[in-house]
>>> print(open('final-v4.pdb').read())   # PDB, C-alpha atoms
ATOM      1  CA  MET A   1     -72.687  17.306  57.409
ATOM      2  CA  LEU A   2     -70.757  19.824  55.347
ATOM      3  CA  LYS A   3     -71.635  19.967  51.654
ATOM      4  CA  LEU A   4     -68.976  21.070  49.175
ATOM      5  CA  PHE A   5     -70.205  22.089  45.742
ATOM      6  CA  ILE A   6     -67.575  21.681  43.043
ATOM      7  CA  ALA A   7     -67.389  21.494  39.258
ATOM      8  CA  ASN A   8     -65.592  19.193  36.808
ATOM      9  CA  LYS A   9     -62.530  17.636  38.382
ATOM     10  CA  ASN A  10     -60.697  17.838  35.077
ATOM     11  CA  TYR A  11     -60.981  21.637  34.959
ATOM     12  CA  SER A  12     -61.890  23.158  38.305
ATOM     13  CA  SER A  13     -58.706  24.191  40.066
ATOM     14  CA  TRP A  14     -60.611  26.368  42.519
ATOM     15  CA  SER A  15     -62.777  23.401  43.548
ATOM     16  CA  LEU A  16     -59.718  21.269  44.206
ATOM     17  CA  ARG A  17     -58.381  23.563  46.927
ATOM     18  CA  PRO A  18     -61.003  22.982  49.659
ATOM     19  CA  TRP A  19     -61.711  19.450  48.423
ATOM     20  CA  ILE A  20     -58.127  18.259  48.911
ATOM     21  CA  LEU A  21     -57.904  20.079  52.241
ATOM     22  CA  LEU A  22     -61.020  18.347  53.553
ATOM     23  CA  LYS A  23     -59.885  14.964  52.250
ATOM     24  CA  GLN A  24     -56.315  15.172  53.455
ATOM     25  CA  LEU A  25     -57.314  16.357  56.938
ATOM     26  CA  GLY A  26     -60.039  13.732  57.241
ATOM     27  CA  ILE A  27     -62.865  16.246  57.651
ATOM     28  CA  PRO A  28     -66.166  14.576  56.689
ATOM     29  CA  PHE A  29     -68.205  16.201  53.923
ATOM     30  CA  GLU A  30     -70.619  15.440  51.116
ATOM     31  CA  GLU A  31     -69.314  16.102  47.622
ATOM     32  CA  CYS A  32     -71.806  17.764  45.281
ATOM     33  CA  LEU A  33     -70.455  17.933  41.733
ATOM     34  CA  VAL A  34     -72.236  20.147  39.210
ATOM     35  CA  PRO A  35     -70.412  20.269  35.861
ATOM     36  CA  PHE A  36     -69.613  23.312  33.775
ATOM     37  CA  GLY A  37     -71.630  23.484  30.585
ATOM     38  CA  GLN A  38     -74.948  22.897  32.352
ATOM     39  CA  GLN A  39     -76.197  19.379  31.840
ATOM     40  CA  ALA A  40     -79.913  18.877  31.339
ATOM     41  CA  GLY A  41     -81.658  18.522  34.692
ATOM     42  CA  ALA A  42     -78.648  19.685  36.728
ATOM     43  CA  PRO A  43     -79.008  22.658  39.071
ATOM     44  CA  SER A  44     -77.473  25.952  38.014
ATOM     45  CA  PHE A  45     -74.570  27.238  40.083
ATOM     46  CA  THR A  46     -76.720  30.133  41.294
ATOM     47  CA  SER A  47     -79.036  27.659  43.038
ATOM     48  CA  PHE A  48     -76.360  27.025  45.682
ATOM     49  CA  SER A  49     -73.726  29.765  45.239
ATOM     50  CA  PRO A  50     -74.406  33.498  45.647
ATOM     51  CA  THR A  51     -71.808  34.284  42.982
ATOM     52  CA  GLY A  52     -72.784  31.477  40.634
ATOM     53  CA  ARG A  53     -69.274  30.068  41.014
ATOM     54  CA  VAL A  54     -67.577  27.112  42.671
ATOM     55  CA  PRO A  55     -66.424  26.041  45.153
ATOM     56  CA  CYS A  56     -69.181  26.722  47.631
ATOM     57  CA  LEU A  57     -69.480  25.215  51.108
ATOM     58  CA  VAL A  58     -72.848  24.724  52.781
ATOM     59  CA  ASP A  59     -72.946  24.048  56.518
ATOM     60  CA  GLY A  60     -76.569  23.771  57.553
ATOM     61  CA  GLU A  61     -78.056  27.232  57.058
ATOM     62  CA  LEU A  62     -74.645  28.812  56.433
ATOM     63  CA  THR A  63     -73.177  29.254  52.976
ATOM     64  CA  VAL A  64     -69.502  30.067  52.488
ATOM     65  CA  TRP A  65     -68.221  30.860  49.009
ATOM     66  CA  ASP A  66     -64.698  31.469  47.700
ATOM     67  CA  SER A  67     -61.925  28.960  48.371
ATOM     68  CA  LEU A  68     -59.971  31.194  50.756
ATOM     69  CA  ALA A  69     -63.069  32.020  52.806
ATOM     70  CA  ILE A  70     -63.898  28.308  52.981
ATOM     71  CA  CYS A  71     -60.444  27.505  54.353
ATOM     72  CA  GLU A  72     -60.725  30.221  56.985
ATOM     73  CA  TYR A  73     -64.168  28.970  57.952
ATOM     74  CA  LEU A  74     -62.864  25.437  58.338
ATOM     75  CA  ALA A  75     -59.967  26.723  60.441
ATOM     76  CA  GLU A  76     -62.425  27.923  63.082
ATOM     77  CA  ALA A  77     -63.342  24.317  63.854
ATOM     78  CA  TRP A  78     -60.268  22.326  62.752
ATOM     79  CA  SER A  79     -56.891  23.439  64.070
ATOM     80  CA  LYS A  80     -54.847  21.609  61.426
ATOM     81  CA  VAL A  81     -56.032  23.795  58.537
ATOM     82  CA  TRP A  82     -53.149  26.222  59.142
ATOM     83  CA  PRO A  83     -49.773  25.485  60.784
ATOM     84  CA  GLU A  84     -49.710  25.685  64.571
ATOM     85  CA  GLN A  85     -46.619  27.882  64.900
ATOM     86  CA  LYS A  86     -46.941  31.626  64.287
ATOM     87  CA  ALA A  87     -44.085  31.982  61.774
ATOM     88  CA  GLU A  88     -45.225  29.022  59.690
ATOM     89  CA  ARG A  89     -48.826  30.176  59.836
ATOM     90  CA  ALA A  90     -47.966  33.721  58.744
ATOM     91  CA  TRP A  91     -45.898  32.454  55.816
ATOM     92  CA  ALA A  92     -48.572  29.950  54.803
ATOM     93  CA  ARG A  93     -51.287  32.604  54.817
ATOM     94  CA  SER A  94     -49.108  34.998  52.798
ATOM     95  CA  ALA A  95     -48.239  32.354  50.209
ATOM     96  CA  SER A  96     -51.888  31.279  49.953
ATOM     97  CA  ALA A  97     -53.004  34.875  49.464
ATOM     98  CA  GLU A  98     -50.388  35.343  46.737
ATOM     99  CA  MET A  99     -51.691  32.208  45.051
ATOM    100  CA  HIS A 100     -55.293  33.359  45.450
ATOM    101  CA  SER A 101     -54.777  36.766  43.859
ATOM    102  CA  GLY A 102     -51.813  36.281  41.527
ATOM    103  CA  PHE A 103     -50.147  34.116  38.897
ATOM    104  CA  HIS A 104     -52.532  35.259  36.171
ATOM    105  CA  GLN A 105     -50.228  34.207  33.325
ATOM    106  CA  ILE A 106     -50.134  30.646  34.620
ATOM    107  CA  ARG A 107     -53.886  30.605  35.152
ATOM    108  CA  ASN A 108     -54.640  31.999  31.697
ATOM    109  CA  THR A 109     -52.084  30.044  29.671
ATOM    110  CA  CYS A 110     -51.703  26.832  31.663
ATOM    111  CA  THR A 111     -55.365  26.261  32.454
ATOM    112  CA  MET A 112     -56.030  23.163  34.531
ATOM    113  CA  ASN A 113     -56.901  20.245  32.296
ATOM    114  CA  CYS A 114     -55.765  17.157  34.176
ATOM    115  CA  GLY A 115     -56.022  14.658  31.344
ATOM    116  CA  LEU A 116     -53.909  16.515  28.802
ATOM    117  CA  ARG A 117     -50.184  16.734  28.149
ATOM    118  CA  VAL A 118     -49.370  19.983  26.356
ATOM    119  CA  ARG A 119     -46.210  21.530  24.919
ATOM    120  CA  VAL A 120     -46.495  25.282  25.429
ATOM    121  CA  THR A 121     -45.533  27.122  22.240
ATOM    122  CA  GLY A 122     -44.248  30.619  21.584
ATOM    123  CA  GLU A 123     -42.116  33.016  23.583
ATOM    124  CA  ARG A 124     -43.871  33.701  26.882
ATOM    125  CA  PRO A 125     -41.489  35.601  29.191
ATOM    126  CA  ALA A 126     -44.239  36.694  31.595
ATOM    127  CA  LEU A 127     -45.340  33.085  31.993
ATOM    128  CA  GLN A 128     -41.762  31.963  32.616
ATOM    129  CA  ALA A 129     -41.334  34.683  35.239
ATOM    130  CA  GLU A 130     -44.386  33.453  37.135
ATOM    131  CA  TRP A 131     -43.169  29.845  37.113
ATOM    132  CA  GLU A 132     -39.832  31.097  38.446
ATOM    133  CA  ARG A 133     -41.667  32.868  41.261
ATOM    134  CA  VAL A 134     -43.597  29.687  42.091
ATOM    135  CA  ASP A 135     -40.346  27.746  42.147
ATOM    136  CA  ALA A 136     -38.701  30.299  44.444
ATOM    137  CA  LEU A 137     -41.697  30.393  46.768
ATOM    138  CA  TRP A 138     -41.851  26.621  47.101
ATOM    139  CA  ASN A 139     -38.125  26.415  47.771
ATOM    140  CA  GLN A 140     -38.393  29.144  50.371
ATOM    141  CA  GLY A 141     -41.058  27.276  52.305
ATOM    142  CA  LEU A 142     -39.350  23.902  52.013
ATOM    143  CA  ASP A 143     -35.950  25.305  53.068
ATOM    144  CA  ARG A 144     -37.234  27.496  55.869
ATOM    145  CA  PHE A 145     -39.572  25.003  57.511
ATOM    146  CA  GLY A 146     -37.895  21.714  56.633
ATOM    147  CA  GLY A 147     -40.603  20.069  54.513
ATOM    148  CA  PRO A 148     -41.890  17.763  53.297
ATOM    149  CA  TYR A 149     -44.768  20.224  52.882
ATOM    150  CA  LEU A 150     -44.514  23.938  52.254
ATOM    151  CA  ALA A 151     -44.963  25.023  55.873
ATOM    152  CA  GLY A 152     -43.368  22.072  57.606
ATOM    153  CA  ALA A 153     -44.092  18.466  58.427
ATOM    154  CA  SER A 154     -47.884  18.559  57.964
ATOM    155  CA  PHE A 155     -50.138  19.194  54.983
ATOM    156  CA  SER A 156     -52.023  22.464  55.452
ATOM    157  CA  ALA A 157     -54.094  24.982  53.517
ATOM    158  CA  VAL A 158     -51.069  26.408  51.705
ATOM    159  CA  ASP A 159     -50.428  22.995  50.130
ATOM    160  CA  ALA A 160     -54.108  22.781  49.203
ATOM    161  CA  PHE A 161     -53.867  26.140  47.464
ATOM    162  CA  PHE A 162     -50.943  24.987  45.344
ATOM    163  CA  ALA A 163     -52.337  21.505  44.665
ATOM    164  CA  PRO A 164     -53.866  22.611  41.324
ATOM    165  CA  PHE A 165     -50.406  23.732  40.226
ATOM    166  CA  ALA A 166     -49.198  20.155  40.683
ATOM    167  CA  PHE A 167     -51.650  19.076  37.995
ATOM    168  CA  ARG A 168     -50.596  22.021  35.821
ATOM    169  CA  VAL A 169     -46.960  20.978  36.132
ATOM    170  CA  GLN A 170     -47.964  17.451  35.110
ATOM    171  CA  THR A 171     -49.815  18.799  32.074
ATOM    172  CA  TYR A 172     -47.440  21.533  30.832
ATOM    173  CA  SER A 173     -43.999  20.461  32.185
ATOM    174  CA  PRO A 174     -42.582  23.913  32.992
ATOM    175  CA  PRO A 175     -38.903  24.065  33.960
ATOM    176  CA  LEU A 176     -38.567  23.688  37.731
ATOM    177  CA  SER A 177     -35.800  23.044  40.210
ATOM    178  CA  GLU A 178     -35.377  19.546  41.581
ATOM    179  CA  PRO A 179     -36.806  20.413  45.043
ATOM    180  CA  ALA A 180     -39.869  22.006  43.428
ATOM    181  CA  ARG A 181     -40.437  19.042  41.138
ATOM    182  CA  SER A 182     -40.044  16.656  44.075
ATOM    183  CA  TYR A 183     -42.682  18.642  45.937
ATOM    184  CA  VAL A 184     -45.029  18.354  42.947
ATOM    185  CA  ASN A 185     -44.509  14.596  42.845
ATOM    186  CA  ARG A 186     -45.196  14.404  46.579
ATOM    187  CA  LEU A 187     -48.536  16.126  46.094
ATOM    188  CA  LEU A 188     -49.450  13.974  43.102
ATOM    189  CA  GLN A 189     -48.815  10.817  45.119
ATOM    190  CA  LEU A 190     -51.263  11.755  47.874
ATOM    191  CA  PRO A 191     -54.194   9.272  47.778
ATOM    192  CA  PRO A 192     -56.843  12.038  47.533
ATOM    193  CA  MET A 193     -54.941  13.631  44.638
ATOM    194  CA  GLN A 194     -54.829  10.268  42.879
ATOM    195  CA  ASP A 195     -58.567   9.842  43.488
ATOM    196  CA  TRP A 196     -59.244  13.308  42.044
ATOM    197  CA  TYR A 197     -57.085  12.554  39.009
ATOM    198  CA  ALA A 198     -58.785   9.212  38.345
ATOM    199  CA  SER A 199     -62.192  10.892  38.513
ATOM    200  CA  ALA A 200     -61.000  13.677  36.214
ATOM    201  CA  LEU A 201     -59.873  11.176  33.586
ATOM    202  CA  ALA A 202     -63.181   9.304  33.817
ATOM    203  CA  GLU A 203     -65.315  12.394  33.134
ATOM    204  CA  THR A 204     -66.813  12.280  29.651
ATOM    205  CA  TRP A 205     -68.372  15.738  29.429
ATOM    206  CA  ARG A 206     -66.457  18.658  27.941
ATOM    207  CA  ASP A 207     -66.802  22.409  28.314
ATOM    208  CA  GLU A 208     -65.722  24.223  25.168
ATOM    209  CA  ALA A 209     -64.490  27.353  26.942
ATOM    210  CA  HIS A 210     -62.007  25.321  28.980
ATOM    211  CA  GLU A 211     -61.025  23.228  25.963
ATOM    212  CA  ALA A 212     -60.307  26.370  23.932
ATOM    213  CA  GLU A 213     -58.009  27.705  26.644
ATOM    214  CA  ALA A 214     -55.959  24.510  26.530
ATOM    215  CA  ARG A 215     -55.748  24.640  22.731
ATOM    216  CA  GLU A 216     -54.391  28.179  22.885
ATOM    217  CA  ALA A 217     -51.503  27.070  25.106
ATOM    218  CA  GLY A 218     -49.816  25.024  22.423
ATOM    219  CA  GLN A 219     -49.529  21.510  21.022
ATOM    220  CA  TRP A 220     -51.520  18.697  22.594
ATOM    221  CA  LEU A 221     -49.246  15.699  23.011
ATOM    222  CA  GLN A 222     -51.679  13.380  24.813
ATOM    223  CA  ASP A 223     -55.315  13.310  25.809
ATOM    224  CA  ASN A 224     -55.752  10.630  28.452
ATOM    225  CA  ARG A 225     -59.412  11.330  29.174
ATOM    226  CA  ALA A 226     -62.386   9.054  28.570
ATOM    227  CA  THR A 227     -64.333   9.479  25.341
ATOM    228  CA  ALA A 228     -65.769  12.965  25.205
ATOM    229  CA  SER A 229     -69.341  14.151  25.229
ATOM    230  CA  THR A 230     -70.444  17.767  25.239
ATOM    231  CA  PRO A 231     -73.261  18.489  27.678
ATOM    232  CA  PRO A 232     -76.316  20.231  26.296
ATOM    233  CA  ARG A 233     -76.692  23.888  27.234
ATOM    234  CA  ASN A 234     -79.964  25.320  28.438
TER     235      ASN A 234
END
>>> encode(input="final-v4.pdb", output="structure tokens")
Amino acid sequence: MLKLFIANKNYSSWSLRPWILLKQLGIPFEECLVPFGQQAGAPSFTSFSPTGRVPCLVDGELTVWDSLAICEYLAEAWSKVWPEQKAERAWARSASAEMHSGFHQIRNTCTMNCGLRVRVTGERPALQAEWERVDALWNQGLDRFGGPYLAGASFSAVDAFFAPFAFRVQTYSPPLSEPARSYVNRLLQLPPMQDWYASALAETWRDEAHEAEAREAGQWLQDNRATASTPPRN
């Protein structure tokens, strides 16, 4: 069986991408969660990932790292990973690649922290411009291919790549058009997304680097997570 190594569900946006894809498409796998902030007795990321990062997929003797590479690997065996039609597939791959390599202002300012609600403070025109691009991209896909997902009627890898942004929208409440916000709500209502969110809220360990990023964004309005503990570092 496939093994998917991930980190904290509260923080790890990169882990969410292949996880939600596997869950939503019904592809069987074993989840292997290793938290950031190295807990005593837990394996280090380098014990399973060549880069020391997550996510990492292990299929027997094969190891596939990087979320985009994992999706492409899965697509070799499961046809539903990408849309069936050429135009939809080309758009989905382009949008996923843009997500994979871009939106650095959103990543850096609106770090994924599922349990928080944060009011972003200060003038941040570059951040606003990136959210506007996300909004335009989502509307383009929904309008061109008819929805309810970005590349048509079925959930595919492009939706998996933007799934972490649904949690970011929930946390930071950026201004979005109604179709974009409806798309976010659609993702958040998916049973696997609700399972991920429930697990994220239940996690009690904290990683200070990720917490500091969220503090830098602005004012914390709510912290819905279980009582915190900070894992010991080796």
>>> residues_around(input="final-v4.pdb", residues="Ala217 of chain A", least_positions_apart="3", cutoff="12 Å", atoms="all atoms listed in the file", output="list in words")
Gln105, Ile106, Arg107, Asn108, Thr109, Cys110, Thr111, Met112, Asn113, Leu116, Arg117, Val118, Arg119, Val120, Thr121, Gly122, Glu123, Arg124, Leu127, Arg168, Thr171, Tyr172, His210, Glu211, Ala212, Glu213, Ala214, Trp220 and Leu221 of chain A
>>> closest_residue(input="final-v4.pdb", among="A:Pro175, A:Pro164, A:Pro35, A:Pro191", to="His100 of chain A", atoms="all atoms listed in the file")
A:Pro164
>>> closest_residue(input="final-v4.pdb", among="A:Lys80, A:Lys86, A:Arg181, A:Arg53", to="Leu21 of chain A", atoms="all atoms listed in the file")
A:Lys80
>>> atom_distance(input="final-v4.pdb", atom1="atom CA of Asp59 of chain A", atom2="atom CA of Ser15 of chain A")
16.5 Å
>>> axis_aligned_box(input="final-v4.pdb", around="segment 52-56 of chain A", padding_each_side="3 Å", output="AutoDock Vina command-line options")
--center_x -69.6 --center_y 28.8 --center_z 44.1 --size_x 12.4 --size_y 11.4 --size_z 13.0
>>> residues_around(input="final-v4.pdb", residues="Pro83 of chain A", least_positions_apart="4", cutoff="7 Å", atoms="all atoms listed in the file", output="PDB file with C-alpha atoms, in the coordinates of the input")
ATOM      1  CA  GLU A  88     -45.225  29.022  59.690  1.00  0.00           C
ATOM      2  CA  ARG A  89     -48.826  30.176  59.836  1.00  0.00           C
ATOM      3  CA  ALA A 151     -44.963  25.023  55.873  1.00  0.00           C
ATOM      4  CA  SER A 156     -52.023  22.464  55.452  1.00  0.00           C
TER       5      SER A 156
END
>>> residues_around(input="final-v4.pdb", residues="Trp65 of chain A", least_positions_apart="6", cutoff="7 Å", atoms="all atoms listed in the file", output="list in words")
Ser49, Pro55, Cys56 and Leu57 of chain A
>>> resolve_selection(input="final-v4.pdb", expression="the PyMOL selection byres ((chain A and resi 224) around 6)", output="PyMOL selection string")
chain A and resi 115+223+225
>>> decode(input="final-v4.pdb", residues="segment 48-67 of chain A", atoms="N, CA and C atoms", output="PDB file, in the first residue's frame")
ATOM      1  N   PHE A  48      12.875   9.366   5.848  1.00  0.00           N
ATOM      2  CA  PHE A  48      11.970   8.897   4.799  1.00  0.00           C
ATOM      3  C   PHE A  48      11.958   9.789   3.566  1.00  0.00           C
ATOM      4  N   SER A  49      12.460  11.032   3.686  1.00  0.00           N
ATOM      5  CA  SER A  49      12.425  11.975   2.573  1.00  0.00           C
ATOM      6  C   SER A  49      13.830  12.410   2.190  1.00  0.00           C
ATOM      7  N   PRO A  50      14.204  12.299   0.925  1.00  0.00           N
ATOM      8  CA  PRO A  50      15.553  12.702   0.509  1.00  0.00           C
ATOM      9  C   PRO A  50      15.855  14.165   0.782  1.00  0.00           C
ATOM     10  N   THR A  51      14.833  15.019   0.764  1.00  0.00           N
ATOM     11  CA  THR A  51      15.032  16.438   0.996  1.00  0.00           C
ATOM     12  C   THR A  51      14.834  16.832   2.454  1.00  0.00           C
ATOM     13  N   GLY A  52      14.373  15.898   3.273  1.00  0.00           N
ATOM     14  CA  GLY A  52      14.044  16.229   4.647  1.00  0.00           C
ATOM     15  C   GLY A  52      12.789  17.073   4.752  1.00  0.00           C
ATOM     16  N   ARG A  53      11.919  16.977   3.739  1.00  0.00           N
ATOM     17  CA  ARG A  53      10.686  17.755   3.726  1.00  0.00           C
ATOM     18  C   ARG A  53       9.497  16.848   3.446  1.00  0.00           C
ATOM     19  N   VAL A  54       8.317  17.364   3.736  1.00  0.00           N
ATOM     20  CA  VAL A  54       7.068  16.664   3.438  1.00  0.00           C
ATOM     21  C   VAL A  54       6.290  17.491   2.421  1.00  0.00           C
ATOM     22  N   PRO A  55       5.408  16.823   1.679  1.00  0.00           N
ATOM     23  CA  PRO A  55       5.030  15.409   1.733  1.00  0.00           C
ATOM     24  C   PRO A  55       6.040  14.526   1.018  1.00  0.00           C
ATOM     25  N   CYS A  56       5.946  13.248   1.308  1.00  0.00           N
ATOM     26  CA  CYS A  56       6.782  12.253   0.646  1.00  0.00           C
ATOM     27  C   CYS A  56       5.954  10.972   0.513  1.00  0.00           C
ATOM     28  N   LEU A  57       5.907  10.438  -0.688  1.00  0.00           N
ATOM     29  CA  LEU A  57       5.138   9.230  -0.969  1.00  0.00           C
ATOM     30  C   LEU A  57       6.087   8.057  -1.130  1.00  0.00           C
ATOM     31  N   VAL A  58       5.784   6.961  -0.457  1.00  0.00           N
ATOM     32  CA  VAL A  58       6.571   5.740  -0.578  1.00  0.00           C
ATOM     33  C   VAL A  58       5.671   4.651  -1.149  1.00  0.00           C
ATOM     34  N   ASP A  59       6.103   4.073  -2.253  1.00  0.00           N
ATOM     35  CA  ASP A  59       5.365   3.002  -2.918  1.00  0.00           C
ATOM     36  C   ASP A  59       6.310   1.823  -3.068  1.00  0.00           C
ATOM     37  N   GLY A  60       6.303   0.949  -2.067  1.00  0.00           N
ATOM     38  CA  GLY A  60       7.250  -0.161  -2.073  1.00  0.00           C
ATOM     39  C   GLY A  60       8.677   0.353  -1.964  1.00  0.00           C
ATOM     40  N   GLU A  61       9.478   0.066  -2.997  1.00  0.00           N
ATOM     41  CA  GLU A  61      10.872   0.512  -3.000  1.00  0.00           C
ATOM     42  C   GLU A  61      11.038   1.891  -3.632  1.00  0.00           C
ATOM     43  N   LEU A  62       9.948   2.469  -4.132  1.00  0.00           N
ATOM     44  CA  LEU A  62      10.008   3.773  -4.772  1.00  0.00           C
ATOM     45  C   LEU A  62       9.656   4.882  -3.791  1.00  0.00           C
ATOM     46  N   THR A  63      10.399   5.960  -3.855  1.00  0.00           N
ATOM     47  CA  THR A  63      10.112   7.143  -3.060  1.00  0.00           C
ATOM     48  C   THR A  63       9.907   8.325  -3.993  1.00  0.00           C
ATOM     49  N   VAL A  64       8.800   9.027  -3.802  1.00  0.00           N
ATOM     50  CA  VAL A  64       8.481  10.194  -4.621  1.00  0.00           C
ATOM     51  C   VAL A  64       8.293  11.375  -3.684  1.00  0.00           C
ATOM     52  N   TRP A  65       9.078  12.416  -3.866  1.00  0.00           N
ATOM     53  CA  TRP A  65       8.969  13.591  -3.010  1.00  0.00           C
ATOM     54  C   TRP A  65       8.539  14.783  -3.860  1.00  0.00           C
ATOM     55  N   ASP A  66       8.017  15.793  -3.196  1.00  0.00           N
ATOM     56  CA  ASP A  66       7.451  16.993  -3.795  1.00  0.00           C
ATOM     57  C   ASP A  66       6.010  16.727  -4.209  1.00  0.00           C
ATOM     58  N   SER A  67       5.117  17.641  -3.825  1.00  0.00           N
ATOM     59  CA  SER A  67       3.684  17.421  -4.034  1.00  0.00           C
ATOM     60  C   SER A  67       3.304  17.318  -5.506  1.00  0.00           C
TER      61      SER A  67
END
